[in-house]
Each structure stands twice: as structure tokens, then as C-alpha cells.
$ cat model_2.txt   # compact mmCIF, C-alpha atoms
# COMPACT_ATOMS: atom_id res chain seq x y z
CA MET N 1 -25.16 10.00 13.53
CA ASN N 2 -23.16 8.54 16.40
CA ILE N 3 -19.80 7.10 15.30
CA LYS N 4 -20.71 3.74 16.79
CA ASP N 5 -23.80 3.53 14.56
CA LEU N 6 -21.95 4.06 11.26
CA ILE N 7 -21.50 0.29 10.81
CA VAL N 8 -24.04 -2.49 11.22
CA ASP N 9 -22.17 -5.71 12.06
CA ASP N 10 -24.72 -8.41 12.79
CA ARG N 11 -22.76 -11.65 12.84
CA ARG N 12 -25.74 -13.77 13.79
CA LYS N 13 -27.70 -12.76 10.69
CA GLY N 14 -24.65 -12.28 8.47
CA ILE N 15 -25.36 -8.61 7.74
CA PHE N 16 -22.63 -5.99 7.43
CA ARG N 17 -23.49 -2.47 6.26
CA VAL N 18 -21.59 0.82 6.15
CA HIS N 19 -23.30 4.18 6.32
CA ARG N 20 -22.50 6.20 3.21
CA SER N 21 -21.72 9.34 5.19
CA THR N 22 -18.37 7.62 5.84
CA MET N 23 -17.59 8.46 2.20
CA THR N 24 -18.93 12.01 2.06
CA SER N 25 -18.75 13.74 5.45
CA PRO N 26 -16.08 16.46 5.86
CA ASP N 27 -16.29 16.00 9.63
CA LEU N 28 -15.59 12.27 9.39
CA PHE N 29 -12.76 12.96 6.93
CA GLN N 30 -11.15 15.30 9.47
CA ARG N 31 -11.64 12.73 12.20
CA GLU N 32 -9.85 10.16 10.02
CA GLN N 33 -6.85 12.45 9.76
CA GLU N 34 -6.68 12.80 13.51
CA LEU N 35 -7.43 9.22 14.61
CA ILE N 36 -5.97 7.17 11.74
CA PHE N 37 -3.39 9.06 9.69
CA ASN N 38 -1.90 10.91 12.66
CA ARG N 39 -1.62 7.70 14.70
CA CYS N 40 -0.87 4.72 12.43
CA TRP N 41 2.23 3.68 10.51
CA ILE N 42 1.95 5.10 6.97
CA TYR N 43 3.99 3.94 3.97
CA LEU N 44 6.72 6.28 2.73
CA GLY N 45 8.85 4.49 0.13
CA HIS N 46 11.30 1.70 -0.64
CA GLU N 47 14.98 1.72 0.26
CA SER N 48 16.00 1.02 -3.35
CA GLU N 49 14.69 4.43 -4.40
CA VAL N 50 17.69 6.06 -2.69
CA GLU N 51 20.52 3.68 -3.57
CA ARG N 52 23.43 6.14 -3.59
CA PRO N 53 24.42 8.56 -0.83
CA GLY N 54 22.77 11.85 -1.68
CA ASP N 55 19.79 10.36 -3.54
CA TYR N 56 16.47 11.74 -2.29
CA ARG N 57 12.77 11.26 -2.95
CA ARG N 58 10.00 13.68 -2.03
CA ARG N 59 6.63 12.46 -0.75
CA THR N 60 3.43 13.69 0.87
CA VAL N 61 2.33 11.47 3.76
CA ALA N 62 -0.73 12.20 5.90
CA GLY N 63 -0.74 15.71 4.48
CA ARG N 64 2.86 16.43 5.51
CA PRO N 65 5.63 17.23 3.02
CA LEU N 66 8.48 14.77 3.60
CA PHE N 67 11.60 13.52 1.87
CA PHE N 68 13.92 10.62 2.48
CA THR N 69 17.57 10.43 1.55
CA ARG N 70 20.58 8.17 1.99
CA GLY N 71 23.48 9.67 3.92
CA GLU N 72 27.20 9.25 3.37
CA ASP N 73 27.12 6.65 6.12
CA GLY N 74 24.65 4.56 4.11
CA GLN N 75 21.73 5.21 6.48
CA VAL N 76 18.32 6.17 5.13
CA ARG N 77 16.83 9.16 6.94
CA VAL N 78 13.46 10.86 6.70
CA PHE N 79 12.90 14.58 7.18
CA LEU N 80 10.02 16.99 7.22
CA ASN N 81 10.37 18.91 3.97
CA THR N 82 10.41 22.37 5.52
CA CYS N 83 13.28 24.69 6.36
CA PRO N 84 13.70 25.35 10.11
CA HIS N 85 14.44 28.97 9.22
CA ARG N 86 11.25 30.26 7.59
CA GLY N 87 9.44 27.16 6.37
CA ALA N 88 10.19 26.91 2.64
CA LEU N 89 10.44 23.47 1.05
CA ILE N 90 13.96 22.06 1.01
CA CYS N 91 13.38 19.55 -1.81
CA ARG N 92 11.35 21.15 -4.60
CA ARG N 93 11.61 18.24 -7.04
CA ASP N 94 10.12 14.79 -6.59
CA GLU N 95 13.51 13.12 -6.88
CA GLY N 96 17.13 13.95 -7.34
CA HIS N 97 20.66 13.80 -5.97
CA ALA N 98 22.32 16.32 -3.69
CA ASP N 99 25.30 16.01 -1.36
CA VAL N 100 24.18 19.28 0.23
CA LEU N 101 20.52 20.22 0.61
CA GLN N 102 20.04 23.95 0.28
CA CYS N 103 16.91 25.98 0.87
CA PHE N 104 16.39 28.24 -2.16
CA TYR N 105 14.85 31.04 -0.07
CA HIS N 106 17.77 32.14 2.13
CA ALA N 107 20.36 29.48 1.19
CA TRP N 108 20.53 27.74 4.53
CA SER N 109 22.31 24.45 3.80
CA PHE N 110 22.06 20.98 5.34
CA ASN N 111 23.98 17.76 4.93
CA THR N 112 22.29 14.40 4.34
CA LYS N 113 22.23 13.80 8.10
CA GLY N 114 20.01 16.84 8.43
CA GLU N 115 22.64 18.96 10.16
CA LEU N 116 22.73 22.70 9.45
CA ILE N 117 26.14 23.29 7.86
CA GLY N 118 25.80 26.67 6.15
CA VAL N 119 24.16 29.99 7.08
CA PRO N 120 24.95 33.03 4.91
CA ASP N 121 26.23 35.94 7.01
CA GLN N 122 25.99 33.97 10.22
CA GLU N 123 27.91 36.75 11.97
CA SER N 124 24.70 38.83 11.97
CA TYR N 125 23.14 36.40 14.43
CA GLY N 126 23.81 36.74 18.16
CA PRO N 127 26.24 34.71 20.25
CA TYR N 128 23.53 32.24 21.29
CA PHE N 129 22.70 31.14 17.75
CA GLU N 130 23.11 27.35 17.74
CA ARG N 131 23.26 25.45 14.46
CA ARG N 132 22.66 22.19 16.31
CA GLU N 133 19.18 23.37 17.28
CA LEU N 134 18.18 24.25 13.73
CA GLY N 135 18.78 21.08 11.78
CA LEU N 136 16.12 19.35 9.69
CA LYS N 137 13.43 17.71 11.76
CA GLU N 138 12.51 14.02 11.50
CA PRO N 139 9.01 12.54 12.00
CA PRO N 140 8.43 11.13 15.50
CA ARG N 141 8.83 7.51 14.32
CA VAL N 142 10.56 5.94 11.30
CA ASP N 143 11.08 2.24 10.71
CA SER N 144 11.40 -0.26 7.87
CA TYR N 145 10.54 -3.87 7.14
CA CYS N 146 12.19 -5.77 4.28
CA GLY N 147 13.16 -2.46 2.67
CA PHE N 148 9.69 -0.89 2.94
CA TYR N 149 9.89 2.36 4.94
CA PHE N 150 7.05 3.65 7.09
CA VAL N 151 6.60 6.77 9.22
CA SER N 152 4.29 7.59 12.08
CA PHE N 153 3.46 10.95 13.57
CA ASN N 154 2.49 9.24 16.81
CA PRO N 155 5.52 8.93 19.11
CA HIS N 156 3.72 6.23 21.12
CA VAL N 157 2.76 3.99 18.19
CA GLU N 158 3.49 0.27 18.57
CA ASP N 159 6.61 -1.04 16.83
CA LEU N 160 6.28 -1.61 13.09
CA VAL N 161 6.73 -5.38 13.20
CA THR N 162 3.86 -5.71 15.66
CA TYR N 163 1.72 -3.33 13.64
CA LEU N 164 2.20 -5.27 10.41
CA ALA N 165 0.89 -8.43 12.10
CA GLY N 166 -0.04 -11.09 9.52
CA ALA N 167 0.89 -8.83 6.60
CA ARG N 168 4.55 -9.65 7.27
CA GLU N 169 4.12 -13.13 5.79
CA TYR N 170 3.02 -11.67 2.46
CA LEU N 171 5.77 -9.05 2.39
CA ASP N 172 8.23 -11.90 2.99
CA LEU N 173 6.77 -13.79 0.00
CA ILE N 174 7.44 -10.76 -2.17
CA VAL N 175 10.99 -10.14 -0.99
CA ASP N 176 11.99 -13.81 -1.17
CA GLN N 177 11.14 -13.91 -4.88
CA SER N 178 14.49 -12.26 -5.54
CA GLU N 179 17.93 -13.69 -4.89
CA GLY N 180 19.59 -10.27 -5.16
CA GLY N 181 16.93 -8.13 -3.48
CA MET N 182 13.95 -6.23 -4.83
CA ARG N 183 14.11 -2.75 -6.27
CA VAL N 184 11.67 -0.13 -7.45
CA VAL N 185 12.05 0.36 -11.19
CA ALA N 186 12.68 3.97 -12.18
CA GLY N 187 9.51 5.84 -13.01
CA SER N 188 6.02 5.94 -11.55
CA ASN N 189 2.52 6.94 -12.48
CA ARG N 190 0.30 9.35 -10.59
CA TYR N 191 -3.34 10.22 -10.97
CA ASN N 192 -6.30 11.49 -9.01
CA ILE N 193 -9.58 9.71 -8.40
CA LYS N 194 -12.55 11.86 -7.49
CA ALA N 195 -13.75 9.41 -4.88
CA ASN N 196 -13.24 8.59 -1.22
CA TRP N 197 -9.93 6.91 -0.41
CA LYS N 198 -11.57 3.93 1.30
CA LEU N 199 -13.22 2.92 -1.97
CA LEU N 200 -9.83 2.14 -3.50
CA GLY N 201 -8.97 -0.08 -0.54
CA GLU N 202 -12.22 -1.98 -1.09
CA ASN N 203 -11.74 -2.15 -4.85
CA SER N 204 -8.18 -3.46 -4.61
CA LEU N 205 -9.32 -6.49 -2.61
CA ASP N 206 -12.60 -7.11 -4.43
CA GLY N 207 -12.70 -10.19 -6.66
CA TYR N 208 -16.45 -9.85 -7.19
CA HIS N 209 -16.09 -7.02 -9.73
CA LEU N 210 -13.36 -8.62 -11.86
CA VAL N 211 -15.43 -10.24 -14.61
CA PRO N 212 -18.18 -7.62 -15.08
CA THR N 213 -15.93 -4.57 -14.71
CA HIS N 214 -12.81 -5.85 -16.49
CA LYS N 215 -14.46 -7.96 -19.17
CA THR N 216 -12.21 -6.55 -21.90
CA TYR N 217 -9.10 -7.72 -20.04
CA VAL N 218 -10.60 -11.10 -19.21
CA ASP N 219 -11.44 -11.64 -22.89
CA TYR N 220 -7.95 -10.52 -23.92
CA ILE N 221 -6.25 -13.00 -21.57
CA ALA N 222 -8.58 -15.78 -22.69
CA SER N 223 -7.60 -15.12 -26.30
CA LEU N 224 -3.96 -15.91 -25.43
CA GLY N 225 -4.72 -19.40 -24.10
CA THR N 226 -4.03 -20.79 -20.63
CA ASP N 227 -1.06 -22.44 -19.03
CA ASP N 228 -2.10 -26.00 -18.26
CA SER N 229 1.47 -27.23 -18.55
CA GLY N 230 2.42 -29.48 -16.02
CA ASP N 231 -0.05 -29.83 -13.59
CA THR N 232 -2.84 -29.97 -11.24
CA MET N 233 -4.16 -26.45 -11.57
CA ALA N 234 -7.71 -27.76 -11.82
CA ALA N 235 -7.25 -29.50 -8.49
CA ARG N 236 -5.98 -26.41 -6.70
CA PRO N 237 -8.29 -24.86 -4.09
CA PRO N 238 -10.23 -21.72 -5.03
CA GLY N 239 -9.06 -18.28 -4.01
CA MET N 240 -9.33 -17.21 -0.41
CA ALA N 241 -9.53 -14.02 1.60
CA LYS N 242 -7.93 -13.33 4.95
CA ALA N 243 -8.04 -10.56 7.52
CA LEU N 244 -4.50 -10.29 8.89
CA GLY N 245 -5.01 -8.13 11.97
CA ASN N 246 -4.81 -4.36 12.51
CA GLY N 247 -6.94 -3.76 9.40
CA HIS N 248 -4.53 -5.47 6.99
CA CYS N 249 -6.18 -7.88 4.56
CA VAL N 250 -5.28 -10.06 1.59
CA ALA N 251 -7.07 -11.70 -1.33
CA ILE N 252 -5.26 -14.75 -2.74
CA ASN N 253 -5.93 -16.35 -6.12
CA ILE N 254 -4.51 -19.09 -8.30
CA ALA N 255 -2.08 -17.47 -10.78
CA ARG N 256 -3.78 -18.68 -13.95
CA ASN N 257 -2.36 -15.76 -15.93
CA GLY N 258 1.25 -16.57 -15.08
CA ARG N 259 3.88 -14.86 -12.95
CA PRO N 260 7.20 -13.59 -14.36
CA ILE N 261 8.92 -14.88 -11.23
CA ALA N 262 8.43 -18.60 -11.93
CA HIS N 263 5.16 -19.40 -13.67
CA TRP N 264 5.18 -19.16 -17.45
CA HIS N 265 2.14 -18.07 -19.52
CA PRO N 266 1.70 -17.48 -23.27
CA LEU N 267 1.34 -13.81 -22.39
CA PHE N 268 5.13 -13.76 -21.84
CA GLY N 269 6.09 -15.36 -25.16
CA GLU N 270 8.06 -18.54 -25.90
CA ASP N 271 11.43 -16.87 -25.30
CA ALA N 272 10.54 -16.40 -21.63
CA ARG N 273 9.62 -20.03 -20.99
CA GLU N 274 13.11 -21.40 -20.29
CA PRO N 275 14.40 -18.45 -18.16
CA ILE N 276 11.29 -18.69 -16.00
CA ALA N 277 11.81 -22.44 -15.58
CA VAL N 278 15.44 -21.87 -14.54
CA THR N 279 14.37 -19.26 -11.98
CA ARG N 280 11.77 -21.61 -10.58
CA GLN N 281 14.29 -24.42 -10.14
CA ARG N 282 16.68 -22.14 -8.23
CA LEU N 283 13.87 -21.01 -5.93
CA VAL N 284 12.74 -24.59 -5.32
CA GLU N 285 16.27 -25.54 -4.33
CA LYS N 286 16.36 -22.65 -1.89
CA TYR N 287 12.83 -22.67 -0.43
CA GLY N 288 11.17 -25.96 -1.36
CA GLU N 289 8.17 -26.72 -3.55
CA GLU N 290 5.50 -25.60 -1.10
CA ARG N 291 6.85 -22.08 -0.60
CA VAL N 292 7.58 -21.63 -4.30
CA TYR N 293 4.00 -22.64 -5.04
CA LEU N 294 2.87 -19.77 -2.78
CA MET N 295 5.31 -17.36 -4.43
CA ALA N 296 4.75 -18.26 -8.05
CA ASP N 297 1.49 -20.16 -8.49
CA THR N 298 -0.68 -17.85 -6.41
CA SER N 299 -1.15 -14.12 -6.70
CA ARG N 300 -2.08 -11.66 -3.98
CA ASN N 301 -3.69 -8.30 -3.49
CA LEU N 302 -2.42 -7.10 -0.11
CA LEU N 303 -3.84 -4.11 1.76
CA ILE N 304 -1.62 -2.70 4.48
CA TYR N 305 -3.93 -0.50 6.51
CA PRO N 306 -4.77 2.23 6.00
CA ASN N 307 -3.67 3.24 2.48
CA LEU N 308 -1.06 0.98 0.91
CA VAL N 309 -1.90 -1.74 -1.61
CA ILE N 310 0.64 -4.18 -3.04
CA ASN N 311 -0.64 -6.08 -6.07
CA ASP N 312 1.62 -9.14 -6.24
CA ILE N 313 -0.01 -10.46 -9.41
CA VAL N 314 1.38 -10.72 -12.95
CA ALA N 315 3.67 -7.87 -11.98
CA ILE N 316 4.28 -6.34 -8.53
CA THR N 317 2.69 -2.94 -8.11
CA ILE N 318 3.03 -0.69 -5.07
CA ARG N 319 0.07 1.69 -4.84
CA TYR N 320 -0.04 4.46 -2.25
CA TYR N 321 -3.06 6.73 -2.09
CA GLU N 322 -3.14 10.03 -0.23
CA PRO N 323 -6.60 11.26 0.85
CA LEU N 324 -7.12 14.90 -0.19
CA ALA N 325 -10.81 15.41 0.54
CA PRO N 326 -13.86 13.23 1.24
CA ASP N 327 -14.25 12.85 -2.53
CA ASP N 328 -10.66 13.09 -3.79
CA MET N 329 -7.44 11.08 -3.51
CA GLN N 330 -4.08 11.06 -5.26
CA VAL N 331 -2.73 7.65 -6.26
CA THR N 332 0.93 6.93 -6.97
CA ALA N 333 2.07 3.58 -8.32
CA TRP N 334 5.53 2.06 -8.63
CA HIS N 335 6.78 -1.21 -10.08
CA LEU N 336 8.85 -3.58 -7.93
CA ALA N 337 11.11 -6.20 -9.51
CA PRO N 338 14.09 -8.47 -8.68
CA ARG N 339 17.46 -6.77 -9.12
CA GLU N 340 18.97 -9.75 -10.93
CA GLU N 341 16.24 -10.06 -13.53
CA SER N 342 17.26 -9.84 -17.21
CA ASP N 343 16.34 -6.86 -19.34
CA ASP N 344 13.93 -9.02 -21.34
CA MET N 345 12.10 -10.21 -18.24
CA ARG N 346 12.07 -6.68 -16.86
CA THR N 347 10.42 -5.55 -20.08
CA THR N 348 7.86 -8.34 -19.70
CA ARG N 349 7.09 -7.22 -16.16
CA LEU N 350 6.79 -3.56 -17.11
CA ASP N 351 4.48 -4.46 -19.96
CA SER N 352 2.27 -6.42 -17.58
CA PHE N 353 2.44 -3.61 -15.01
CA LEU N 354 1.23 -1.03 -17.53
CA THR N 355 -1.14 -3.31 -19.44
CA PHE N 356 -3.33 -4.01 -16.43
CA LEU N 357 -2.70 -1.43 -13.69
CA GLY N 358 -1.12 1.43 -15.66
CA PRO N 359 -3.13 4.68 -15.88
CA GLY N 360 -4.12 3.78 -19.45
CA GLY N 361 -4.22 0.01 -18.95
CA PHE N 362 -7.10 -2.42 -19.01
CA ALA N 363 -7.98 -2.17 -15.31
CA THR N 364 -7.23 1.28 -13.94
CA PRO N 365 -9.60 3.32 -16.15
CA ASP N 366 -12.36 0.79 -15.39
CA ASP N 367 -11.74 1.08 -11.66
CA VAL N 368 -11.52 4.88 -11.70
CA GLU N 369 -14.85 5.03 -13.53
CA ALA N 370 -16.41 2.58 -11.04
CA LEU N 371 -15.21 4.44 -7.95
CA GLU N 372 -16.17 7.87 -9.27
CA SER N 373 -19.56 6.43 -10.21
CA CYS N 374 -20.01 5.19 -6.63
CA GLN N 375 -19.05 8.61 -5.27
CA ALA N 376 -21.58 10.26 -7.58
CA GLY N 377 -24.21 7.77 -6.42
CA PHE N 378 -23.61 8.71 -2.79
CA ARG N 379 -25.24 12.07 -3.51
CA ALA N 380 -28.56 10.20 -3.39
CA THR N 381 -28.62 10.53 0.40
CA GLU N 382 -32.02 8.86 0.68
CA LEU N 383 -30.20 5.53 0.26
CA GLU N 384 -28.04 5.54 3.35
CA TRP N 385 -26.22 2.19 3.48
CA SER N 386 -23.76 0.15 1.42
CA ASP N 387 -23.84 -3.62 1.89
CA ILE N 388 -20.62 -5.59 2.52
CA SER N 389 -22.22 -8.85 3.72
CA ARG N 390 -21.19 -11.21 0.94
CA GLY N 391 -19.85 -14.51 2.29
CA MET N 392 -20.22 -13.44 5.92
CA LEU N 393 -21.64 -16.79 7.03
CA LYS N 394 -19.44 -18.97 4.83
CA PRO N 395 -16.94 -21.14 6.70
CA GLU N 396 -14.26 -20.32 4.09
CA PRO N 397 -14.97 -17.03 2.30
CA GLY N 398 -13.30 -16.59 -1.09
CA THR N 399 -11.97 -13.59 -2.96
CA SER N 400 -15.40 -12.92 -4.46
CA ASP N 401 -16.71 -12.54 -0.93
CA GLU N 402 -16.10 -9.58 1.33
CA LEU N 403 -14.37 -10.79 4.49
CA GLN N 404 -11.29 -8.79 3.50
CA MET N 405 -13.26 -5.55 3.28
CA ARG N 406 -14.91 -6.23 6.62
CA GLY N 407 -11.49 -6.66 8.21
CA PHE N 408 -10.55 -3.18 7.00
CA TRP N 409 -13.86 -1.61 8.06
CA ARG N 410 -13.79 -3.12 11.53
CA GLN N 411 -10.38 -1.61 12.21
CA TRP N 412 -11.50 1.72 10.71
CA HIS N 413 -14.56 1.67 12.99
CA ALA N 414 -12.42 0.94 16.04
CA HIS N 415 -10.06 3.81 15.27
CA MET N 416 -12.91 6.23 14.61
CA GLN N 417 -14.26 5.41 18.08
CA GLY N 418 -10.86 6.18 19.58
CA LEU N 419 -9.97 2.51 20.10
CA THR N 420 -6.59 1.06 19.21
CA LYS N 421 -7.78 -2.22 17.73
CA ALA N 422 -10.95 -3.91 16.59
CA ASP N 423 -12.78 -5.61 19.44
CA VAL N 424 -12.62 -9.32 20.23
CA GLN N 425 -15.26 -11.98 20.49
CA ASP N 426 -14.87 -15.10 22.59
CA GLY N 427 -11.17 -14.36 22.87
CA GLN N 428 -10.65 -14.44 19.09
CA PRO N 429 -9.69 -11.44 16.94
CA ILE N 430 -12.70 -10.00 15.21
CA GLU N 431 -11.27 -11.02 11.83
CA PHE N 432 -11.75 -14.67 12.82
CA ALA N 433 -15.46 -14.18 13.40
CA ASP N 434 -16.62 -14.65 9.81
CA ALA N 435 -15.30 -18.21 9.61
CA ALA N 436 -15.80 -19.16 13.25
CA LEU N 437 -19.36 -17.94 13.64
CA ALA N 438 -20.71 -19.77 10.63
CA GLY N 439 -20.65 -23.03 12.53
CA ALA N 440 -21.60 -21.39 15.81
CA ASN N 441 -24.75 -19.89 14.29
CA ASP N 442 -26.19 -23.14 12.93

$ encode --input "model_2.txt" --output "C-alpha cells"
Amino acid sequence: MNIKDLIVDDRRKGIFRVHRSTMTSPDLFQREQELIFNRCWIYLGHESEVERPGDYRRRTVAGRPLFFTRGEDGQVRVFLNTCPHRGALICRRDEGHADVLQCFYHAWSFNTKGELIGVPDQESYGPYFERRELGLKEPPRVDSYCGFYFVSFNPHVEDLVTYLAGAREYLDLIVDQSEGGMRVVAGSNRYNIKANWKLLGENSLDGYHLVPTHKTYVDYIASLGTDDSGDTMAARPPGMAKALGNGHCVAINIARNGRPIAHWHPLFGEDAREPIAVTRQRLVEKYGEERVYLMADTSRNLLIYPNLVINDIVAITIRYYEPLAPDDMQVTAWHLAPREESDDMRTTRLDSFLTFLGPGGFATPDDVEALESCQAGFRATELEWSDISRGMLKPEPGTSDELQMRGFWRQWHAHMQGLTKADVQDGQPIEFADAALAGAND
């Protein structure tokens, strides 16, 4: 099938369908590596993971072994995790501390700036041997935003701030929740899902599946009561979905289950009520009621295209997923929290992090089962299309609709055709079409 025909996007009729070969084809998977993962900005890690000079973290990004470390000068640097000598991995553990990075194979040694500083028996090399030419190699592009580090293997990629487009606003909402800065809490969880990587992007933004798929969690929260203290929750608008440009999307909901930042819920216990109220007052003094409402009284599932999800919900979860095959991905999740938070509130956050999105929590096993079930269903090749039309003709699609998934798929489709961005219609970004066309089509 021609790449252009993989998606049906009929905005007049409100029909959006994706051919299921996009989830199963080895050829399309390889094309994704070349046209998406080799060209876009891809998430690497958070600056707080390497707080001290010499700290390092090892990652796999777009199939490449990488590590990032903080140098003696305080700068965070990213290197390909391969020795310039014969190719062995430099960092063989996922994390650690080393003032000198030494390859175990032949003991070539490098400082945290990547410079080659030690070669056993260097005298055996000729007079033209140059250490300066054999230092650790960096990816073509490295940049950060609000402490989140990204890499690109495309030297001509647009700058990171431009690439992030409307997603910046939601990263700012996360970072501004802390007065002392955010940090990744030590520890992570990692697991594989035997399904196509794009299914997790869809699932992370999909409010439609919440009640039927996660009924056990919904019933558990309901058993704890609701937080009606204080206000006009019933008058708040329903959740909404937004496409943010460049494939980034967000689903926004009212935080009825509480937020440790500044929205108390019985889930947190009575002891947490006053500290949360104090935090909220400080934030209001700094940012005003309207911004604190966005921070604390709404929750967000943010997809930064192509494969980073930040669940800014009861707790803040960073989820990175690395595609391994058309039907396999590896997911790694970290917990992000304010530096100044008390041990008790940190415990509350971690409990929420693990209770819902931990590998043995209420949600993750449900989602893994759902995605693997979809992947198994795709073997029935006689049914060729998946439908992502929900809410397409609504003027204001909500989180139970699928505008957010369509924003992702339109950018994916553009990239797979060799285009830089999704097309435009009537001078408006394609992501605006769902809301704009509803009135135009009457």
C-alpha cells in the first residue's frame, strides 16, 4: 500500500482511519527509524539524574547506546556509549559515578568531558597518534528545556524550543509546581510490552478506555470519597484535548482525585491536608489563582512526539518507550517530584505513582493487556482499518474523544511521507481542523 493511503482523513464526513499495517509491517517499522527517530528530537533524561560531577546514566535512544554525565565544570554532556578504539561499551551499568571513564576492554580512559586521557603503552603507537582525535563522540545535537534533555541524530533539526511548540506550556506547568526545582526520584521501573510503540502513545492520551478498562481503580477511588471541599468543581468545564503542533498532544481533566502539589484528597490522608493547603497558598502568592488552578486542579497526560509521555496526574510520571520491533517496545518510567517536598509527601507521591502507573499497579497491567490484545487482533488481516474518528466533528472535543490521537497520527503520516510537518488547511495548522471544520461543514 502506498504510504499516502495508510490514513483516511475525511474531515467533511468526520472519518479518520489508520491502516493496521502501520502496527505490524517490518518495512514501515524500518521507515519509522529512518524518517522519525533518526530525524526528530528524542528524550534522553532529566538533569537531576546527574546532580554531582561524575554521575552518569546509561540510556538507549533510537537504537543507539548513549550515556550522559555531569563534568567537573558542572556541564551535562551526552556521549555515544562506544569506545573510539574498538567499540566496546564505556558505561556497562545503567547508572553510577566515575571521575574517570575507562573502557574495560583495553583500558583506554576518558574524563567527563569526553577527552582521551589514558592509553596503556601509548609509546607503541606512531608519532601521528593524536589523543584529541579519539575522544568520546557526542550525538549531532543535544539540547534541554526546563531540565529535560533531548538528543537528535539529525544535525539539521530545528531548535528544540521550536520543536516543542505548544508542549512547552505544559512542561512549564510541571516545573513551576516546585519552588526549589524538580528532580527525578531515585529508582525506576522497566518492562516490555509486546505491542507496537504507537499504541502506547494512543493509550496514554485516551480517556475513552478509563472506566471500562480500569474499573477496579475507579471503584477503589470512589470508595475513598471525593474532595468537594471548597468549591465549584461541579461548575468546572469538562476535560479537553488539544493538538499542540509537531505531533505533540495533551489530554486535560479536572483533578477530582487530588494532586499532592496543592489539591487535597482523602487518598492522601488527613495529615496531608494542612501541608497541601500551605503549599497552595505559597503558589497562589507567586503565580495567582488562575495559574495555580491549572497546576493543581487539573491533571494532564502530555505526549511529546514521538515517544515520551508525561503523566502529570496524581503523581508525575515520565514514561519513555523505545521501539524494538513492530510488535515490541521497552518502557521505562521515572517519578518526578519537587525537591523541597517533605518525606511524608514524597511517600504519598510514590505511593500514588506505584498504585496507578507502577508495573504492578491498578492501571499498567490493564493497559499492557489491552495493547497486547490489540496487537494479537491485528493478525486478523482481513480487518484492515482501525477507527480514530470519535469527536472529529465536535466543536470542542473532550478527553474521551480522539483529537489528540489524530494530532499524533497526522504528524506521523507527514514524516512517513518525507514531509517535515503535517499539512495545513486554509492557513491553519492541521490540528485546528477538528474544531474549525465542525462549523464549516454545517

$ atom_distance --input "model_2.txt" --atom1 "atom CA of Gln33 of chain N" --atom2 "atom CA of Asp312 of chain N"
28.2 Å

$ closest_residue --input "model_2.txt" --among "N:Arg70, N:Lys242, N:Arg183, N:His19" --to "Cys146 of chain N" --atoms "all atoms listed in the file"
N:Arg183

$ closest_residue --input "model_2.txt" --among "N:Asp143, N:Glu72, N:Asp327, N:Glu95" --to "Thr112 of chain N" --atoms "all atoms listed in the file"
N:Glu72

$ residues_near_point --input "model_2.txt" --point "(13.1, -15.2, -24.5)" --cutoff "12 Å" --atoms "all atoms listed in the file" --output "JSON, numbers by chain"
{"N": [260, 264, 266, 268, 269, 270, 271, 272, 273, 274, 275, 276, 277, 342, 343, 344, 345, 346, 347, 348]}

$ closest_residue --input "model_2.txt" --among "N:Phe408, N:Phe37, N:Phe362, N:Tyr220" --to "Leu302 of chain N" --atoms "all atoms listed in the file"
N:Phe408

$ closest_atom_pairs --input "model_2.txt" --of "segment 147-185 of chain N" --to "segment 54-66 of chain N" --cutoff "12 Å" --atoms "only C-alpha atoms" --output "tab-separated table"
residue	atom	partner	partner_atom	distance
N:Tyr149	CA	N:Val61	CA	11.9
N:Phe150	CA	N:Val61	CA	9.7
N:Val151	CA	N:Val61	CA	8.4
N:Ser152	CA	N:Ala62	CA	9.2
N:Phe153	CA	N:Ala62	CA	8.8
N:Asn154	CA	N:Ala62	CA	11.8

$ closest_residue --input "model_2.txt" --among "N:Arg93, N:Pro139, N:Ser109, N:Glu341" --to "Arg39 of chain N" --atoms "only C-alpha atoms"
N:Pro139

$ residues_near_point --input "model_2.txt" --point "(-2.9, -19.1, -11.2)" --cutoff "7 Å" --atoms "all atoms listed in the file" --output "list in words"
Asn253, Ile254, Ala255, Arg256, Asn257, Gly258, Asp297, Thr298 and Ser299 of chain N

$ write_last_selection --input "model_2.txt" --atoms "C-alpha atoms" --output "mmCIF file, in the frame of the given file"
data_model
loop_
_atom_site.group_PDB
_atom_site.id
_atom_site.type_symbol
_atom_site.label_atom_id
_atom_site.label_comp_id
_atom_site.auth_asym_id
_atom_site.auth_seq_id
_atom_site.Cartn_x
_atom_site.Cartn_y
_atom_site.Cartn_z
ATOM 1 C CA ASN N 253 -5.930 -16.350 -6.120
ATOM 2 C CA ILE N 254 -4.510 -19.090 -8.300
ATOM 3 C CA ALA N 255 -2.080 -17.470 -10.780
ATOM 4 C CA ARG N 256 -3.780 -18.680 -13.950
ATOM 5 C CA ASN N 257 -2.360 -15.760 -15.930
ATOM 6 C CA GLY N 258 1.250 -16.570 -15.080
ATOM 7 C CA ASP N 297 1.490 -20.160 -8.490
ATOM 8 C CA THR N 298 -0.680 -17.850 -6.410
ATOM 9 C CA SER N 299 -1.150 -14.120 -6.700
#

$ atom_distance --input "model_2.txt" --atom1 "atom CA of Gly239 of chain N" --atom2 "atom CA of Gly207 of chain N"
9.3 Å
